[in-house]
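Note sheet for the following structure.
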Amino acid sequence: VGPPDNQFTLLQRLQVLLSLEREILTSFQSAKRIIICACGTSWHAGLVGEYMLESLCKIPVEIEYASEFRYRSVVLRPDEDIVMVISQSGETADTLAALRHAKQAGCLVIGICNTVGSTIARETDGGIYLHAGPEIGVASTKAFTAQVLVLAMLALRIAQGRTIPDDEYKMLVKELSKLPSRITKILSENEAKICEIAKVYRYAHHCLFLGRGYNYPVALEGALKMKEISYIHAEGYPAAEMKHGPIALIDNLMPVVFIAMQDSIYDKVKSNIMEVRARKGCVIAITDEGNTELESLCEYVIHIPKVSECVSPILTVVPLQLLSYHIAVMRGCDVDMPRNLAKSVTT
Ligand code: F1P
């Protein structure tokens, strides 16, 4: 599903996806369980997808590391399960192996790939191309944004008229179509502040990324980008898990990045920020435009446009990608060709 090249606007792509092939749509709507398999950044996008499909479509979802999937005794039920594989390159060996494992068990396998004609795209039963354009660097960035966007569109299409009311569907589709201008705004309004933050923390040895709900996967992705391109040890955690171990690491040298959007769990995230502050941690927060109450609690606050909770990961990841990028450049790292990393992990 999807137009054949990059000349289409986001809105046109939305329209194509929203008219998703009837047959595939019916399979999703009658699925008892969706299993998502992917690696690295694509796994993080899949985790956002799990939250979306569960909350918007009310379908049970499992997210699996593709590298572990075939070694676990997951009970696959071809009549009830749909397996989705997500891969930027479409060539990742573990994701391909997971796909083959699921097909061998007789499951319908749907792919979300960026590379047209890639092995994974060819071997799936159907799928959605991202058309995000080639990732110039090795580390996935725009592919993540596009994967989450496609998962949101898919979830909305499955949920439309069934598990969400029509006005909510229309509101969310409208929000998706406004994302390009909002991302442009984040890039133009925050670059200078992010450079300033990068300058302060460029020699940090460790950092922590914390988020909850839809923004927990974004915390994981923020930490992965920091490791991949800046070679700074970073951990991503659900903010409340901090108390179960990572809190011991907090001191006045370790930056702690919070994704603290004013959503249904904002107050809980705010109390996690206070817990870090009480231990003299340096907090950098990503929050909504107009939220001024974090200024007194945090070293730095980055404001981004307010959107619905399920759409927010598409925006909140952008400042985190930029932060890793600027830190990497200031540390003299090659952001396009990080050491030891391969563009597609084919072995
Ligand atoms: C998965 C992945 C990327 C990562 C790096 C190594 O690739 O882990 O997320 O940035 O490029 O591979 P893919 O299956 O999404 O192509």
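Note on naming: chains are A, B, ... as they come in the structure tokens, residues start from 1 per chain, ligands start from 1 in the order shown.
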From a DSSP calculation on the backbone, collect every residue of region 120-280 of chain A in alpha helix (DSSP H) and output the set as a ChimeraX atom specification. /A:120-123,142-159,166-177,179-201,216-225,266-278
If you count only C-alpha atoms and all ligand atoms, which residues end up within 9 Å of ligand 1, as number ranges by chain? A: 38-44, 85-96, 113-115, 137-141, 143-144, 224-225, 228, 341-345
Please list as a compact mmCIF listing (two decimals) with C-alpha atoms, in the first residue's frame every residue within 6 Å of Leu208 (chain A), counting only C-alpha atoms and excluding residues in the same chain fewer than 3 positions away.
```
# COMPACT_ATOMS: atom_id res chain seq x y z
CA ALA A 234 22.72 6.42 28.00
CA GLU A 235 19.80 4.53 29.49
CA GLY A 236 16.14 4.94 28.64
CA VAL A 256 18.45 13.45 33.05
```
Which one is closest to Ala260 (chain A): A:Cys298, A:Val75, A:Ile82, A:Met242? Count only C-alpha atoms. A:Cys298
Spatial neighbours of Glu241 (chain A), max dist 12 Å, only C-alpha atoms, sep filter under 6 positions, as a PyMOL selection string: chain A and resi 208-212+216+235+247-248+269+272
Residues from last step as file, N, CA and C atoms, as an mmCIF file, in the first residue's frame:
```cif
data_model
loop_
_atom_site.group_PDB
_atom_site.id
_atom_site.type_symbol
_atom_site.label_atom_id
_atom_site.label_comp_id
_atom_site.auth_asym_id
_atom_site.auth_seq_id
_atom_site.Cartn_x
_atom_site.Cartn_y
_atom_site.Cartn_z
ATOM 1 N N LEU A 208 20.509 9.857 31.331
ATOM 2 C CA LEU A 208 19.304 9.069 31.523
ATOM 3 C C LEU A 208 18.169 9.748 30.759
ATOM 4 N N PHE A 209 17.342 8.943 30.092
ATOM 5 C CA PHE A 209 16.168 9.465 29.389
ATOM 6 C C PHE A 209 14.937 8.817 30.009
ATOM 7 N N LEU A 210 14.006 9.647 30.463
ATOM 8 C CA LEU A 210 12.835 9.107 31.151
ATOM 9 C C LEU A 210 11.537 9.628 30.538
ATOM 10 N N GLY A 211 10.575 8.727 30.407
ATOM 11 C CA GLY A 211 9.254 9.115 29.901
ATOM 12 C C GLY A 211 8.247 8.072 30.345
ATOM 13 N N ARG A 212 6.986 8.397 30.211
ATOM 14 C CA ARG A 212 5.945 7.428 30.592
ATOM 15 C C ARG A 212 4.915 7.332 29.479
ATOM 16 N N TYR A 216 7.399 6.742 26.754
ATOM 17 C CA TYR A 216 8.432 5.820 27.244
ATOM 18 C C TYR A 216 9.271 5.287 26.067
ATOM 19 N N GLU A 235 20.840 5.522 29.189
ATOM 20 C CA GLU A 235 19.803 4.530 29.494
ATOM 21 C C GLU A 235 18.438 5.186 29.318
ATOM 22 N N ILE A 247 18.026 5.326 40.018
ATOM 23 C CA ILE A 247 18.080 6.497 40.898
ATOM 24 C C ILE A 247 19.436 6.578 41.623
ATOM 25 N N ALA A 248 20.060 5.416 41.803
ATOM 26 C CA ALA A 248 21.366 5.386 42.477
ATOM 27 C C ALA A 248 22.442 6.104 41.663
ATOM 28 N N VAL A 269 4.805 12.366 36.054
ATOM 29 C CA VAL A 269 6.137 12.660 35.508
ATOM 30 C C VAL A 269 6.750 13.835 36.271
ATOM 31 N N ASN A 272 8.263 12.680 39.333
ATOM 32 C CA ASN A 272 9.552 12.012 39.049
ATOM 33 C C ASN A 272 10.664 13.053 38.858
#
```
I need the residue nearest Leu249 (chain A) from this list: A:Glu275, A:Lys270, A:His206, A:Lys306. Use only C-alpha atoms for the distance.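 Comparing A:Glu275, A:Lys270, A:His206, A:Lys306 against Leu249 (chain A), the winner is A:His206.
Going from CA of Ala285 (chain A) over to CA of Asn252 (chain A), you cover 15.9 Å.
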Contact residues around region 56-71 of chain A with only C-alpha atoms at 10 Å, ignoring same-chain residues under 5 positions, as a ChimeraX atom specification: /A:28-40,42-44,46-51,81-86,92-102,152,154-160,162-164,169,310
Surrounding residues of Ile250 (chain A) excluding itself and chain neighbours under 6 positions, 9 Å, only C-alpha atoms, as a VMD selection string: chain A and resid 208 256 276 279 to 282
Selected residues written out with C-alpha atoms, as a short mmCIF file (atom, residue, chain, number, x, y, z; two decimals), in the first residue's frame:
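The resulting result-v3.cif:
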```cif
data_model
loop_
_atom_site.label_atom_id
_atom_site.label_comp_id
_atom_site.auth_asym_id
_atom_site.auth_seq_id
_atom_site.Cartn_x
_atom_site.Cartn_y
_atom_site.Cartn_z
CA LEU A 208 19.30 9.07 31.52
CA VAL A 256 18.45 13.45 33.05
CA VAL A 276 15.62 13.74 40.52
CA ARG A 279 19.08 14.28 44.44
CA LYS A 280 20.73 17.22 42.67
CA GLY A 281 20.30 15.74 39.19
CA CYS A 282 20.44 18.10 36.19
#
```
Against region 315-319 of chain A, which residues of region 175-267 of chain A fall within 9 Å? For each one I want the closest pair of atoms and the distance in Å (one decimal), counting only C-alpha atoms, rows by chain and increasing residue number, as a tab-separated table.
```
residue	atom	partner	partner_atom	distance
A:Leu179	CA	A:Leu315	CA	7.9
A:Arg182	CA	A:Leu315	CA	7.8
A:Ile183	CA	A:Leu315	CA	6.5
A:Ile186	CA	A:Pro319	CA	7.5
A:Leu187	CA	A:Pro319	CA	7.8
A:Asn190	CA	A:Pro319	CA	7.7
A:Glu191	CA	A:Pro319	CA	8.3
A:Ile194	CA	A:Pro319	CA	7.4
A:Asn215	CA	A:Thr316	CA	7.7
A:Val218	CA	A:Val317	CA	5.9
A:Ala219	CA	A:Val317	CA	8.2
A:Glu221	CA	A:Val317	CA	7.6
A:Gly222	CA	A:Val317	CA	6.8
A:Ile259	CA	A:Thr316	CA	7.2
A:Met261	CA	A:Thr316	CA	8.6
```
